[in-house]
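Quick look at data-v5.csv (CSV, C-alpha atoms):
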chain,number,residue,atom,x,y,z
A,510,MET,CA,128.5,145.6,18.9
A,511,PRO,CA,128.3,148.7,16.8
A,512,GLY,CA,129.6,148.5,13.3
A,513,PHE,CA,129.7,144.6,13.2
A,514,LEU,CA,127.5,143.2,10.4
A,515,PHE,CA,126.9,139.5,9.8
A,516,ASP,CA,127.2,138.3,6.2
A,517,ASP,CA,124.5,136.2,4.5
A,518,ARG,CA,126.2,132.8,5.3
A,519,HIS,CA,126.4,133.6,9.0
A,520,LEU,CA,122.8,135.1,9.1
A,521,ASP,CA,121.5,131.8,7.6
A,522,ALA,CA,123.4,129.7,10.2
A,523,LEU,CA,122.2,131.8,13.1
A,524,SER,CA,118.6,131.8,11.8
A,525,SER,CA,118.7,128.0,11.6
A,526,ALA,CA,120.2,127.7,15.2
A,527,GLY,CA,117.9,130.3,16.8
A,528,THR,CA,114.3,131.4,16.8
A,529,ILE,CA,113.0,134.1,14.5
A,530,ARG,CA,110.4,136.4,16.0
A,531,ALA,CA,108.7,139.6,14.9
A,532,TYR,CA,108.2,142.4,17.4
A,533,PRO,CA,106.0,145.5,17.2
A,534,LYS,CA,107.3,149.1,17.6
A,535,HIS,CA,108.1,150.1,21.2
A,536,THR,CA,108.7,146.6,22.4
A,537,LEU,CA,111.2,146.5,25.3
A,538,LEU,CA,113.4,143.5,24.6
A,539,ILE,CA,116.2,143.9,27.2
A,540,GLN,CA,116.1,145.9,30.4
A,541,GLU,CA,119.2,147.3,32.0
A,542,GLY,CA,120.3,145.0,34.9
A,543,ASP,CA,118.4,142.0,33.8
A,544,GLN,CA,120.2,138.7,33.5
A,545,ASN,CA,119.3,136.1,30.9
A,546,ASP,CA,121.1,134.2,28.2
A,547,GLN,CA,119.6,135.4,24.9
A,548,ILE,CA,121.6,137.0,22.1
A,549,TYR,CA,119.8,138.7,19.2
A,550,VAL,CA,120.6,139.5,15.6
A,551,VAL,CA,118.5,142.0,13.7
A,552,LEU,CA,117.1,140.7,10.5
A,553,SER,CA,114.9,143.8,9.8
A,554,GLY,CA,113.8,147.0,11.5
A,555,ARG,CA,115.5,149.4,13.9
A,556,LEU,CA,116.1,149.4,17.7
A,557,LYS,CA,117.6,151.8,20.2
A,558,VAL,CA,120.0,151.0,23.0
A,559,PHE,CA,119.6,153.3,26.0
A,560,LEU,CA,120.2,154.0,29.6
A,561,SER,CA,117.7,155.7,32.0
A,562,ASP,CA,118.9,158.3,34.4
A,563,SER,CA,117.6,158.7,38.0
A,564,ASP,CA,114.7,160.8,36.7
A,565,GLY,CA,113.7,158.2,34.1
A,566,LYS,CA,115.0,160.2,31.2
A,567,GLU,CA,116.3,158.1,28.4
A,568,ILE,CA,119.9,158.5,27.1
A,569,VAL,CA,120.2,156.8,23.7
A,570,ILE,CA,123.7,155.4,23.3
A,571,ASP,CA,123.3,153.5,20.0
A,572,THR,CA,120.9,152.5,17.3
A,573,LEU,CA,120.8,149.1,15.7
A,574,GLY,CA,119.7,147.9,12.3
A,575,PRO,CA,119.8,144.8,10.0
A,576,ARG,CA,122.6,142.3,10.5
A,577,GLN,CA,123.7,143.7,13.8
A,578,LEU,CA,124.1,141.8,17.1
A,579,PHE,CA,123.0,142.8,20.6
A,580,GLY,CA,122.8,141.2,24.0
A,581,GLU,CA,126.3,139.8,23.8
A,582,MET,CA,126.8,140.4,27.6
A,583,ALA,CA,124.9,137.1,27.9
A,584,LEU,CA,128.0,135.3,26.6
A,585,GLU,CA,129.7,135.8,30.0
A,586,GLY,CA,126.5,135.7,32.1
A,587,GLU,CA,126.8,139.4,33.0
A,588,PRO,CA,123.8,141.5,33.7
A,589,ARG,CA,122.5,143.7,30.8
A,590,SER,CA,124.4,147.0,30.7
A,591,ALA,CA,121.6,148.8,28.8
A,592,SER,CA,118.0,148.5,27.7
A,593,VAL,CA,117.0,147.8,24.1
A,594,MET,CA,113.7,148.7,22.5
A,595,THR,CA,112.3,148.5,19.0
A,596,THR,CA,111.8,151.8,17.3
A,597,GLU,CA,109.9,150.2,14.4
A,598,VAL,CA,108.6,146.7,13.6
A,599,CYS,CA,111.5,144.3,13.8
A,600,LYS,CA,112.3,140.7,12.9
A,601,LEU,CA,115.0,139.2,15.1
A,602,VAL,CA,116.8,136.0,15.5
A,603,MET,CA,116.9,135.1,19.2
A,604,ILE,CA,119.7,132.6,20.0
A,605,GLN,CA,120.6,131.0,23.4
A,606,ARG,CA,124.1,131.5,24.8
A,607,ASP,CA,125.2,127.9,24.3
A,608,GLN,CA,123.9,127.8,20.7
A,609,PHE,CA,125.7,131.1,20.0
A,610,LYS,CA,129.0,129.7,21.4
A,611,GLN,CA,128.6,126.7,19.2
A,612,PHE,CA,128.0,129.0,16.2
A,613,LEU,CA,131.2,130.9,17.1
A,614,ALA,CA,133.2,127.7,17.5
A,615,ALA,CA,132.0,126.5,14.0
A,616,ASN,CA,132.6,129.9,12.4
A,617,PRO,CA,135.9,131.2,13.7
A,618,GLU,CA,136.0,134.0,11.2
A,619,ALA,CA,132.8,135.4,12.7
A,620,ALA,CA,134.3,135.0,16.2
A,621,TYR,CA,137.4,136.9,15.1
A,622,SER,CA,135.3,139.7,13.5
A,623,LEU,CA,133.4,140.1,16.8
A,624,ILE,CA,136.6,140.6,18.7

Re-express the file's structure as structure tokens.
Amino acid sequence: MPGFLFDDRHLDALSSAGTIRAYPKHTLLIQEGDQNDQIYVVLSGRLKVFLSDSDGKEIVIDTLGPRQLFGEMALEGEPRSASVMTTEVCKLVMIQRDQFKQFLAANPEAAYSLI
């Protein structure tokens, strides 16, 4: 979701609904093709979104930082379209699909901004 940034009010609501975790540098959080129901919001740190070609070479397609969302493919139960790895120490909110859908229903302006 490049470019979308949550405001303080929404970050507080998501932090309350989800689980806050810290991850060291070079932690693989999502692997392309995996299927799970977690969505993440970056509280601090940086991550890279990448694909791997048939030779194992990484192709970085985006970088993420504070207030950004990733893992939104989980909203529809779709497999992950890319891998995500921390490039520095990160603090993230991990929120389950159902909890995130409840957040969006209670915060329609956030849902509209995501669209």

| said: For A:Thr596, find every residue with an atom within 7 Å (counting all atoms listed in the file), except residues of its own chain fewer than 6 positions away, and show them as a list in words. | reply: Lys534, His535, Arg555, Leu556 and Lys557 of chain A

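Between atom CA of A:Phe579 and atom CA of A:Leu623 the separation is 11.4 Å.
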
| query | With all atoms listed in the file as the basis for distance, which of A:Asp564, A:Asp517, A:Asp607, A:Asp543 is at the shortest distance from A:Val593? | reply |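 Checking each of A:Asp564, A:Asp517, A:Asp607, A:Asp543 against A:Val593, counting all atoms listed in the file, the winner is A:Asp543.
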
| field | All residues 12 Å or closer to A:Lys610, all atoms listed in the file, same chain fewer than 4 positions away omitted, as number ranges by chain | value | A: 523, 526, 546-548, 581, 583-585, 604-606, 614-617, 619-620

| Of the candidates A:Gln544, A:Thr536, A:Ser592, A:Ser525, which shows the shortest atom-to-atom distance to A:Leu560, using only C-alpha atoms? |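 Closest residue, counting only C-alpha atoms: A:Ser592.
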
| said: Neighbouring residues of A:Ile529 were defined as those with any atom within 8 Å, considering only C-alpha atoms; residues of the same chain fewer than 6 positions away were excluded. Please report them as a PyMOL selection string. | reply: chain A and resi 600-603

| query | Which residue out of A:Leu613, A:Val569, A:Cys599, A:Met582 has the minimum interatomic distance to A:Gly554 when only C-alpha atoms are used? | reply | A:Cys599

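Here atom CA of A:Gly565 and atom CA of A:Ala591 stand 13.4 Å from one another.
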
| Please, what distance in Å, to one decimal, runs between atom CA of A:Pro575 and atom CA of A:Val551? |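 One can read the atom CA of A:Pro575 to atom CA of A:Val551 distance as 4.8 Å.
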
| remark: From the list A:Phe612, A:Ser622, A:Ile539, A:Val550, the nearest residue to A:Leu578 using only C-alpha atoms is A:Val550

| field | Selected residue of minimal separation from A:Gln577 among A:Ser553, A:Gln540, A:Ser524, A:Gln611, counting only C-alpha atoms | value | A:Ser553

| request: Kindly indicate which residue among A:Phe515, A:Gly574, A:Asp521, A:Tyr621 lies nearest to A:Val598, using only C-alpha atoms for the distances. | output: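 Closest to A:Val598, using only C-alpha atoms: A:Gly574.
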